[in-house]
Each structure stands twice: as C-alpha cells, then as structure tokens.
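Okay, final_2.pdb is below, PDB, N, CA and C atoms, pLDDT in the B column:
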ATOM      1  N   MET A1353      17.261 -97.454-142.002  1.00 43.00           N
ATOM      2  CA  MET A1353      17.973 -98.717-141.960  1.00 43.00           C
ATOM      3  C   MET A1353      17.349 -99.659-142.987  1.00 43.00           C
ATOM      4  N   SER A1354      18.162-100.272-143.792  1.00 54.00           N
ATOM      5  CA  SER A1354      17.708-101.221-144.796  1.00 54.00           C
ATOM      6  C   SER A1354      18.138-102.616-144.384  1.00 54.00           C
ATOM      7  N   LEU A1355      17.168-103.524-144.310  1.00 64.00           N
ATOM      8  CA  LEU A1355      17.475-104.877-143.872  1.00 64.00           C
ATOM      9  C   LEU A1355      17.777-105.816-145.033  1.00 64.00           C
ATOM     10  N   ASN A1356      17.379-105.439-146.264  1.00 83.00           N
ATOM     11  CA  ASN A1356      17.610-106.269-147.454  1.00 83.00           C
ATOM     12  C   ASN A1356      17.227-107.723-147.209  1.00 83.00           C
ATOM     13  N   LEU A1357      15.991-107.936-146.799  1.00 86.00           N
ATOM     14  CA  LEU A1357      15.528-109.282-146.462  1.00 86.00           C
ATOM     15  C   LEU A1357      14.946-110.033-147.650  1.00 86.00           C
ATOM     16  N   LEU A1358      14.609-109.342-148.722  1.00 88.00           N
ATOM     17  CA  LEU A1358      13.961-109.987-149.856  1.00 88.00           C
ATOM     18  C   LEU A1358      14.966-110.581-150.826  1.00 88.00           C
ATOM     19  N   THR A1359      14.582-111.717-151.392  1.00 89.00           N
ATOM     20  CA  THR A1359      15.391-112.314-152.452  1.00 89.00           C
ATOM     21  C   THR A1359      15.120-111.557-153.744  1.00 89.00           C
ATOM     22  N   GLN A1360      15.921-111.779-154.756  1.00 91.00           N
ATOM     23  CA  GLN A1360      15.708-111.109-156.040  1.00 91.00           C
ATOM     24  C   GLN A1360      14.368-111.516-156.636  1.00 91.00           C
ATOM     25  N   GLU A1361      14.018-112.791-156.516  1.00 92.00           N
ATOM     26  CA  GLU A1361      12.739-113.276-157.036  1.00 92.00           C
ATOM     27  C   GLU A1361      11.576-112.569-156.346  1.00 92.00           C
ATOM     28  N   GLU A1362      11.691-112.357-155.045  1.00 90.00           N
ATOM     29  CA  GLU A1362      10.643-111.653-154.304  1.00 90.00           C
ATOM     30  C   GLU A1362      10.569-110.192-154.729  1.00 90.00           C
ATOM     31  N   LYS A1363      11.701-109.588-154.986  1.00 89.00           N
ATOM     32  CA  LYS A1363      11.714-108.206-155.474  1.00 89.00           C
ATOM     33  C   LYS A1363      11.070-108.122-156.850  1.00 89.00           C
ATOM     34  N   ASP A1364      11.318-109.114-157.696  1.00 92.00           N
ATOM     35  CA  ASP A1364      10.750-109.143-159.041  1.00 92.00           C
ATOM     36  C   ASP A1364       9.234-109.333-159.018  1.00 92.00           C
ATOM     37  N   ASN A1365       8.729-109.996-157.988  1.00 90.00           N
ATOM     38  CA  ASN A1365       7.293-110.253-157.847  1.00 90.00           C
ATOM     39  C   ASN A1365       6.695-109.385-156.743  1.00 90.00           C
ATOM     40  N   LYS A1366       7.031-108.114-156.798  1.00 87.00           N
ATOM     41  CA  LYS A1366       6.668-107.159-155.756  1.00 87.00           C
ATOM     42  C   LYS A1366       5.155-107.096-155.516  1.00 87.00           C
ATOM     43  N   THR A1367       4.361-107.096-156.570  1.00 88.00           N
ATOM     44  CA  THR A1367       2.911-106.984-156.422  1.00 88.00           C
ATOM     45  C   THR A1367       2.347-108.151-155.619  1.00 88.00           C
ATOM     46  N   GLU A1368       2.795-109.365-155.949  1.00 90.00           N
ATOM     47  CA  GLU A1368       2.339-110.540-155.205  1.00 90.00           C
ATOM     48  C   GLU A1368       2.810-110.474-153.757  1.00 90.00           C
ATOM     49  N   MET A1369       4.048-110.060-153.544  1.00 89.00           N
ATOM     50  CA  MET A1369       4.591-109.957-152.189  1.00 89.00           C
ATOM     51  C   MET A1369       3.764-108.983-151.347  1.00 89.00           C
ATOM     52  N   ILE A1370       3.392-107.870-151.937  1.00 87.00           N
ATOM     53  CA  ILE A1370       2.595-106.876-151.210  1.00 87.00           C
ATOM     54  C   ILE A1370       1.240-107.469-150.842  1.00 87.00           C
ATOM     55  N   SER A1371       0.617-108.134-151.799  1.00 88.00           N
ATOM     56  CA  SER A1371      -0.703-108.726-151.568  1.00 88.00           C
ATOM     57  C   SER A1371      -0.668-109.755-150.440  1.00 88.00           C
ATOM     58  N   VAL A1372       0.286-110.663-150.496  1.00 90.00           N
ATOM     59  CA  VAL A1372       0.385-111.710-149.476  1.00 90.00           C
ATOM     60  C   VAL A1372       0.783-111.098-148.134  1.00 90.00           C
ATOM     61  N   THR A1373       1.641-110.099-148.142  1.00 87.00           N
ATOM     62  CA  THR A1373       2.041-109.432-146.901  1.00 87.00           C
ATOM     63  C   THR A1373       0.839-108.779-146.238  1.00 87.00           C
ATOM     64  N   GLU A1374      -0.022-108.152-147.032  1.00 87.00           N
ATOM     65  CA  GLU A1374      -1.232-107.548-146.477  1.00 87.00           C
ATOM     66  C   GLU A1374      -2.120-108.602-145.830  1.00 87.00           C
ATOM     67  N   GLU A1375      -2.218-109.787-146.444  1.00 89.00           N
ATOM     68  CA  GLU A1375      -2.997-110.881-145.860  1.00 89.00           C
ATOM     69  C   GLU A1375      -2.418-111.284-144.501  1.00 89.00           C
ATOM     70  N   VAL A1376      -1.112-111.416-144.449  1.00 88.00           N
ATOM     71  CA  VAL A1376      -0.445-111.829-143.206  1.00 88.00           C
ATOM     72  C   VAL A1376      -0.641-110.765-142.129  1.00 88.00           C
ATOM     73  N   LEU A1377      -0.478-109.511-142.502  1.00 86.00           N
ATOM     74  CA  LEU A1377      -0.657-108.431-141.531  1.00 86.00           C
ATOM     75  C   LEU A1377      -2.085-108.418-141.004  1.00 86.00           C
ATOM     76  N   ASP A1378      -3.056-108.593-141.890  1.00 86.00           N
ATOM     77  CA  ASP A1378      -4.454-108.648-141.457  1.00 86.00           C
ATOM     78  C   ASP A1378      -4.671-109.809-140.497  1.00 86.00           C
ATOM     79  N   ALA A1379      -4.106-110.970-140.818  1.00 87.00           N
ATOM     80  CA  ALA A1379      -4.262-112.149-139.975  1.00 87.00           C
ATOM     81  C   ALA A1379      -3.641-111.940-138.594  1.00 87.00           C
ATOM     82  N   GLN A1380      -2.589-111.141-138.531  1.00 84.00           N
ATOM     83  CA  GLN A1380      -1.916-110.880-137.252  1.00 84.00           C
ATOM     84  C   GLN A1380      -2.474-109.651-136.549  1.00 84.00           C
ATOM     85  N   GLY A1381      -3.458-109.005-137.168  1.00 83.00           N
ATOM     86  CA  GLY A1381      -4.071-107.840-136.550  1.00 83.00           C
ATOM     87  C   GLY A1381      -3.212-106.596-136.596  1.00 83.00           C
ATOM     88  N   ILE A1382      -2.285-106.552-137.533  1.00 79.00           N
ATOM     89  CA  ILE A1382      -1.426-105.375-137.693  1.00 79.00           C
ATOM     90  C   ILE A1382      -1.974-104.548-138.839  1.00 79.00           C
ATOM     91  N   GLU A1383      -2.213-103.275-138.593  1.00 75.00           N
ATOM     92  CA  GLU A1383      -2.740-102.422-139.646  1.00 75.00           C
ATOM     93  C   GLU A1383      -1.682-102.193-140.715  1.00 75.00           C
ATOM     94  N   CYS A1384      -2.113-102.307-141.964  1.00 69.00           N
ATOM     95  CA  CYS A1384      -1.182-102.121-143.081  1.00 69.00           C
ATOM     96  C   CYS A1384      -0.656-100.700-143.137  1.00 69.00           C
ATOM     97  N   ASP A1385      -1.389 -99.759-142.544  1.00 66.00           N
ATOM     98  CA  ASP A1385      -0.978 -98.361-142.564  1.00 66.00           C
ATOM     99  C   ASP A1385       0.086 -98.045-141.514  1.00 66.00           C
ATOM    100  N   ALA A1386       0.339 -98.988-140.605  1.00 57.00           N
ATOM    101  CA  ALA A1386       1.311 -98.751-139.541  1.00 57.00           C
ATOM    102  C   ALA A1386       2.684 -98.473-140.141  1.00 57.00           C
ATOM    103  N   LYS A1387       3.379 -97.561-139.538  1.00 63.00           N
ATOM    104  CA  LYS A1387       4.727 -97.258-140.023  1.00 63.00           C
ATOM    105  C   LYS A1387       5.635 -98.435-139.714  1.00 63.00           C
ATOM    106  N   ILE A1388       6.343 -98.880-140.729  1.00 63.00           N
ATOM    107  CA  ILE A1388       7.202-100.061-140.592  1.00 63.00           C
ATOM    108  C   ILE A1388       8.308 -99.812-139.566  1.00 63.00           C
ATOM    109  N   ALA A1389       8.662 -98.559-139.351  1.00 64.00           N
ATOM    110  CA  ALA A1389       9.709 -98.233-138.380  1.00 64.00           C
ATOM    111  C   ALA A1389       9.282 -98.604-136.958  1.00 64.00           C
ATOM    112  N   LYS A1390       7.985 -98.707-136.722  1.00 76.00           N
ATOM    113  CA  LYS A1390       7.496 -99.045-135.387  1.00 76.00           C
ATOM    114  C   LYS A1390       7.479-100.552-135.139  1.00 76.00           C
ATOM    115  N   VAL A1391       7.710-101.331-136.197  1.00 77.00           N
ATOM    116  CA  VAL A1391       7.679-102.784-136.088  1.00 77.00           C
ATOM    117  C   VAL A1391       9.107-103.285-135.894  1.00 77.00           C
ATOM    118  N   SER A1392       9.285-104.186-134.935  1.00 83.00           N
ATOM    119  CA  SER A1392      10.635-104.685-134.657  1.00 83.00           C
ATOM    120  C   SER A1392      11.150-105.531-135.814  1.00 83.00           C
ATOM    121  N   GLU A1393      12.470-105.637-135.898  1.00 83.00           N
ATOM    122  CA  GLU A1393      13.089-106.453-136.939  1.00 83.00           C
ATOM    123  C   GLU A1393      12.637-107.906-136.809  1.00 83.00           C
ATOM    124  N   GLU A1394      12.515-108.396-135.602  1.00 89.00           N
ATOM    125  CA  GLU A1394      12.069-109.776-135.387  1.00 89.00           C
ATOM    126  C   GLU A1394      10.656-109.978-135.937  1.00 89.00           C
ATOM    127  N   THR A1395       9.777-109.010-135.707  1.00 87.00           N
ATOM    128  CA  THR A1395       8.410-109.105-136.224  1.00 87.00           C
ATOM    129  C   THR A1395       8.405-109.057-137.741  1.00 87.00           C
ATOM    130  N   ILE A1396       9.239-108.224-138.314  1.00 86.00           N
ATOM    131  CA  ILE A1396       9.340-108.143-139.773  1.00 86.00           C
ATOM    132  C   ILE A1396       9.791-109.495-140.335  1.00 86.00           C
ATOM    133  N   ARG A1397      10.759-110.111-139.700  1.00 90.00           N
ATOM    134  CA  ARG A1397      11.236-111.429-140.146  1.00 90.00           C
ATOM    135  C   ARG A1397      10.139-112.488-140.022  1.00 90.00           C
ATOM    136  N   GLU A1398       9.368-112.443-138.939  1.00 91.00           N
ATOM    137  CA  GLU A1398       8.270-113.392-138.760  1.00 91.00           C
ATOM    138  C   GLU A1398       7.215-113.205-139.845  1.00 91.00           C
ATOM    139  N   ILE A1399       6.891-111.962-140.139  1.00 89.00           N
ATOM    140  CA  ILE A1399       5.915-111.662-141.191  1.00 89.00           C
ATOM    141  C   ILE A1399       6.432-112.175-142.528  1.00 89.00           C
ATOM    142  N   LEU A1400       7.678-111.907-142.828  1.00 92.00           N
ATOM    143  CA  LEU A1400       8.266-112.338-144.091  1.00 92.00           C
ATOM    144  C   LEU A1400       8.290-113.867-144.196  1.00 92.00           C
ATOM    145  N   ASN A1401       8.584-114.553-143.104  1.00 94.00           N
ATOM    146  CA  ASN A1401       8.560-116.020-143.114  1.00 94.00           C
ATOM    147  C   ASN A1401       7.160-116.541-143.420  1.00 94.00           C
ATOM    148  N   GLU A1402       6.146-115.910-142.841  1.00 93.00           N
ATOM    149  CA  GLU A1402       4.764-116.319-143.110  1.00 93.00           C
ATOM    150  C   GLU A1402       4.389-116.038-144.560  1.00 93.00           C
ATOM    151  N   VAL A1403       4.827-114.902-145.095  1.00 94.00           N
ATOM    152  CA  VAL A1403       4.569-114.566-146.501  1.00 94.00           C
ATOM    153  C   VAL A1403       5.191-115.627-147.401  1.00 94.00           C
ATOM    154  N   ARG A1404       6.421-115.991-147.131  1.00 94.00           N
ATOM    155  CA  ARG A1404       7.105-117.006-147.942  1.00 94.00           C
ATOM    156  C   ARG A1404       6.388-118.351-147.855  1.00 94.00           C
ATOM    157  N   LYS A1405       5.928-118.710-146.656  1.00 95.00           N
ATOM    158  CA  LYS A1405       5.224-119.972-146.472  1.00 95.00           C
ATOM    159  C   LYS A1405       3.943-119.985-147.305  1.00 95.00           C
ATOM    160  N   ARG A1406       3.196-118.896-147.291  1.00 94.00           N
ATOM    161  CA  ARG A1406       1.955-118.821-148.067  1.00 94.00           C
ATOM    162  C   ARG A1406       2.223-118.847-149.568  1.00 94.00           C
ATOM    163  N   ARG A1407       3.278-118.180-150.003  1.00 93.00           N
ATOM    164  CA  ARG A1407       3.611-118.183-151.432  1.00 93.00           C
ATOM    165  C   ARG A1407       4.005-119.581-151.890  1.00 93.00           C
ATOM    166  N   ARG A1408       4.787-120.298-151.071  1.00 93.00           N
ATOM    167  CA  ARG A1408       5.169-121.676-151.410  1.00 93.00           C
ATOM    168  C   ARG A1408       3.939-122.569-151.500  1.00 93.00           C
ATOM    169  N   LYS A1409       3.021-122.418-150.547  1.00 94.00           N
ATOM    170  CA  LYS A1409       1.808-123.222-150.542  1.00 94.00           C
ATOM    171  C   LYS A1409       0.988-122.966-151.806  1.00 94.00           C
ATOM    172  N   ARG A1410       0.840-121.702-152.184  1.00 91.00           N
ATOM    173  CA  ARG A1410       0.089-121.367-153.396  1.00 91.00           C
ATOM    174  C   ARG A1410       0.768-121.909-154.642  1.00 91.00           C
ATOM    175  N   ALA A1411       2.077-121.784-154.700  1.00 91.00           N
ATOM    176  CA  ALA A1411       2.817-122.281-155.864  1.00 91.00           C
ATOM    177  C   ALA A1411       2.668-123.793-155.964  1.00 91.00           C
ATOM    178  N   LYS A1412       2.709-124.484-154.843  1.00 92.00           N
ATOM    179  CA  LYS A1412       2.550-125.937-154.827  1.00 92.00           C
ATOM    180  C   LYS A1412       1.159-126.311-155.326  1.00 92.00           C
ATOM    181  N   GLN A1413       0.143-125.584-154.885  1.00 91.00           N
ATOM    182  CA  GLN A1413      -1.227-125.866-155.321  1.00 91.00           C
ATOM    183  C   GLN A1413      -1.374-125.652-156.822  1.00 91.00           C
ATOM    184  N   VAL A1414      -0.781-124.597-157.345  1.00 89.00           N
ATOM    185  CA  VAL A1414      -0.845-124.320-158.779  1.00 89.00           C
ATOM    186  C   VAL A1414      -0.139-125.429-159.549  1.00 89.00           C
ATOM    187  N   ASN A1415       1.025-125.856-159.084  1.00 88.00           N
ATOM    188  CA  ASN A1415       1.771-126.931-159.747  1.00 88.00           C
ATOM    189  C   ASN A1415       0.987-128.234-159.738  1.00 88.00           C
ATOM    190  N   GLU A1416       0.366-128.546-158.621  1.00 89.00           N
ATOM    191  CA  GLU A1416      -0.425-129.776-158.533  1.00 89.00           C
ATOM    192  C   GLU A1416      -1.610-129.729-159.491  1.00 89.00           C
ATOM    193  N   LEU A1417      -2.252-128.576-159.595  1.00 88.00           N
ATOM    194  CA  LEU A1417      -3.376-128.421-160.511  1.00 88.00           C
ATOM    195  C   LEU A1417      -2.905-128.570-161.954  1.00 88.00           C
ATOM    196  N   ASP A1418      -1.773-127.968-162.281  1.00 86.00           N
ATOM    197  CA  ASP A1418      -1.216-128.099-163.630  1.00 86.00           C
ATOM    198  C   ASP A1418      -0.906-129.558-163.953  1.00 86.00           C
ATOM    199  N   GLU A1419      -0.341-130.280-162.991  1.00 86.00           N
ATOM    200  CA  GLU A1419      -0.018-131.693-163.211  1.00 86.00           C
ATOM    201  C   GLU A1419      -1.280-132.524-163.415  1.00 86.00           C
ATOM    202  N   GLU A1420      -2.319-132.233-162.630  1.00 85.00           N
ATOM    203  CA  GLU A1420      -3.580-132.956-162.783  1.00 85.00           C
ATOM    204  C   GLU A1420      -4.179-132.715-164.160  1.00 85.00           C
ATOM    205  N   GLN A1421      -4.145-131.484-164.615  1.00 84.00           N
ATOM    206  CA  GLN A1421      -4.680-131.155-165.935  1.00 84.00           C
ATOM    207  C   GLN A1421      -3.869-131.836-167.030  1.00 84.00           C
ATOM    208  N   GLU A1422      -2.558-131.896-166.851  1.00 83.00           N
ATOM    209  CA  GLU A1422      -1.690-132.544-167.831  1.00 83.00           C
ATOM    210  C   GLU A1422      -2.000-134.040-167.918  1.00 83.00           C
ATOM    211  N   VAL A1423      -2.233-134.666-166.779  1.00 82.00           N
ATOM    212  CA  VAL A1423      -2.565-136.085-166.753  1.00 82.00           C
ATOM    213  C   VAL A1423      -3.890-136.316-167.471  1.00 82.00           C
ATOM    214  N   LEU A1424      -4.877-135.455-167.226  1.00 80.00           N
ATOM    215  CA  LEU A1424      -6.173-135.584-167.892  1.00 80.00           C
ATOM    216  C   LEU A1424      -6.045-135.451-169.404  1.00 80.00           C
ATOM    217  N   ILE A1425      -5.263-134.486-169.842  1.00 82.00           N
ATOM    218  CA  ILE A1425      -5.062-134.262-171.272  1.00 82.00           C
ATOM    219  C   ILE A1425      -4.349-135.458-171.898  1.00 82.00           C
ATOM    220  N   THR A1426      -3.323-135.955-171.212  1.00 81.00           N
ATOM    221  CA  THR A1426      -2.559-137.099-171.715  1.00 81.00           C
ATOM    222  C   THR A1426      -3.434-138.341-171.799  1.00 81.00           C
ATOM    223  N   SER A1427      -4.259-138.557-170.794  1.00 78.00           N
ATOM    224  CA  SER A1427      -5.115-139.746-170.808  1.00 78.00           C
ATOM    225  C   SER A1427      -6.187-139.649-171.892  1.00 78.00           C
ATOM    226  N   LYS A1428      -6.679-138.467-172.179  1.00 74.00           N
ATOM    227  CA  LYS A1428      -7.684-138.293-173.221  1.00 74.00           C
ATOM    228  C   LYS A1428      -7.084-138.515-174.611  1.00 74.00           C
ATOM    229  N   THR A1429      -5.865-138.072-174.804  1.00 75.00           N
ATOM    230  CA  THR A1429      -5.223-138.231-176.120  1.00 75.00           C
ATOM    231  C   THR A1429      -4.777-139.660-176.357  1.00 75.00           C
ATOM    232  N   SER A1430      -4.553-140.430-175.302  1.00 70.00           N
ATOM    233  CA  SER A1430      -4.122-141.819-175.479  1.00 70.00           C
ATOM    234  C   SER A1430      -5.299-142.769-175.643  1.00 70.00           C
ATOM    235  N   ASP A1431      -6.514-142.291-175.375  1.00 62.00           N
ATOM    236  CA  ASP A1431      -7.713-143.144-175.529  1.00 62.00           C
ATOM    237  C   ASP A1431      -8.116-143.316-176.931  1.00 62.00           C
TER     238      ASP A1431
END
In structure tokens, how does this file's structure come out?
Amino acid sequence: MSLNLLTQEEKDNKTEMISVTEEVLDAQGIECDAKIAKVSEETIREILNEVRKRRRKRAKQVNELDEEQEVLITSKTSD
C-alpha cells in the first residue's frame, strides 16, 4: 500500500528527510530497523508531521542566521 504522503519538495530532499525521520523515530523510541508495515498509518502521519515541524524550525533558524549576517555586512559597508 502506498500512502503518497510526501510532497515533491520532500521527495527531492530525500536525504534530509531520512535524517530527520531517524531523529524523530529515535526520540519516540521506535527502532529505525522496524518494518514500516508494522507501523499504523496514524503513527506514520504523526512521525511525518514531527519531521515537517523540525525541518521548518531548522529552515527558520538558517534564514534568521542569514538575515543577521546580511545586516552585519550591510552595516559594515555603510560605515
């Protein structure tokens, strides 16, 4: 059964998705080696929601850091 839960962007960033998913599974005490067929669809959706939340948080942190660096560069060039 294929649930097709991933967006195209998530499919394109498969390596990152796998890494973050492993973090979420570890945090929930689910072994990464467990067969996905044994995990309920609801649990898969919960895991995916947590993965998306963590990816958004990381992206926000990266954007904020980039903005801070841009402000520093702009202020140095205007001095």
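Between atom C of Asn1365 of chain A and atom CA of Lys1405 of chain A there is a distance of 14.8 Å.
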Env of Arg1406 of chain A: 10 Å cut, atoms = only C-alpha atoms, seq-sep filter 6 positions within chain, self excluded. Answer as a PyMOL selection string.
chain A and resi 1372-1373+1375-1376+1400+1412
As lines of an AutoDock Vina configuration file: centre and edge lengths in Å, one decimal, of the axis-aligned box holding segment 1362-1374 of chain A with 3 Å per side:
center_x = 4.8
center_y = -109.6
center_z = -152.4
size_x = 19.8
size_y = 11.5
size_z = 19.2
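Closest approach to Arg1407 of chain A among A:Ile1382, A:Met1369, A:Leu1357, A:Ile1425 is made by A:Met1369 (distances from only C-alpha atoms).
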Quick check, in Å to one decimal: how far apart do atom C of Asp1378 of chain A and atom CA of Ile1399 of chain A lie?
10.8 Å
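Going from atom CA of Arg1408 of chain A to atom CA of Glu1374 of chain A covers 16.3 Å.
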As a PyMOL selection string, which residues of chain A does DSSP assign to alpha helix (DSSP H)?
chain A and resi 1360-1364+1366-1379+1393-1430
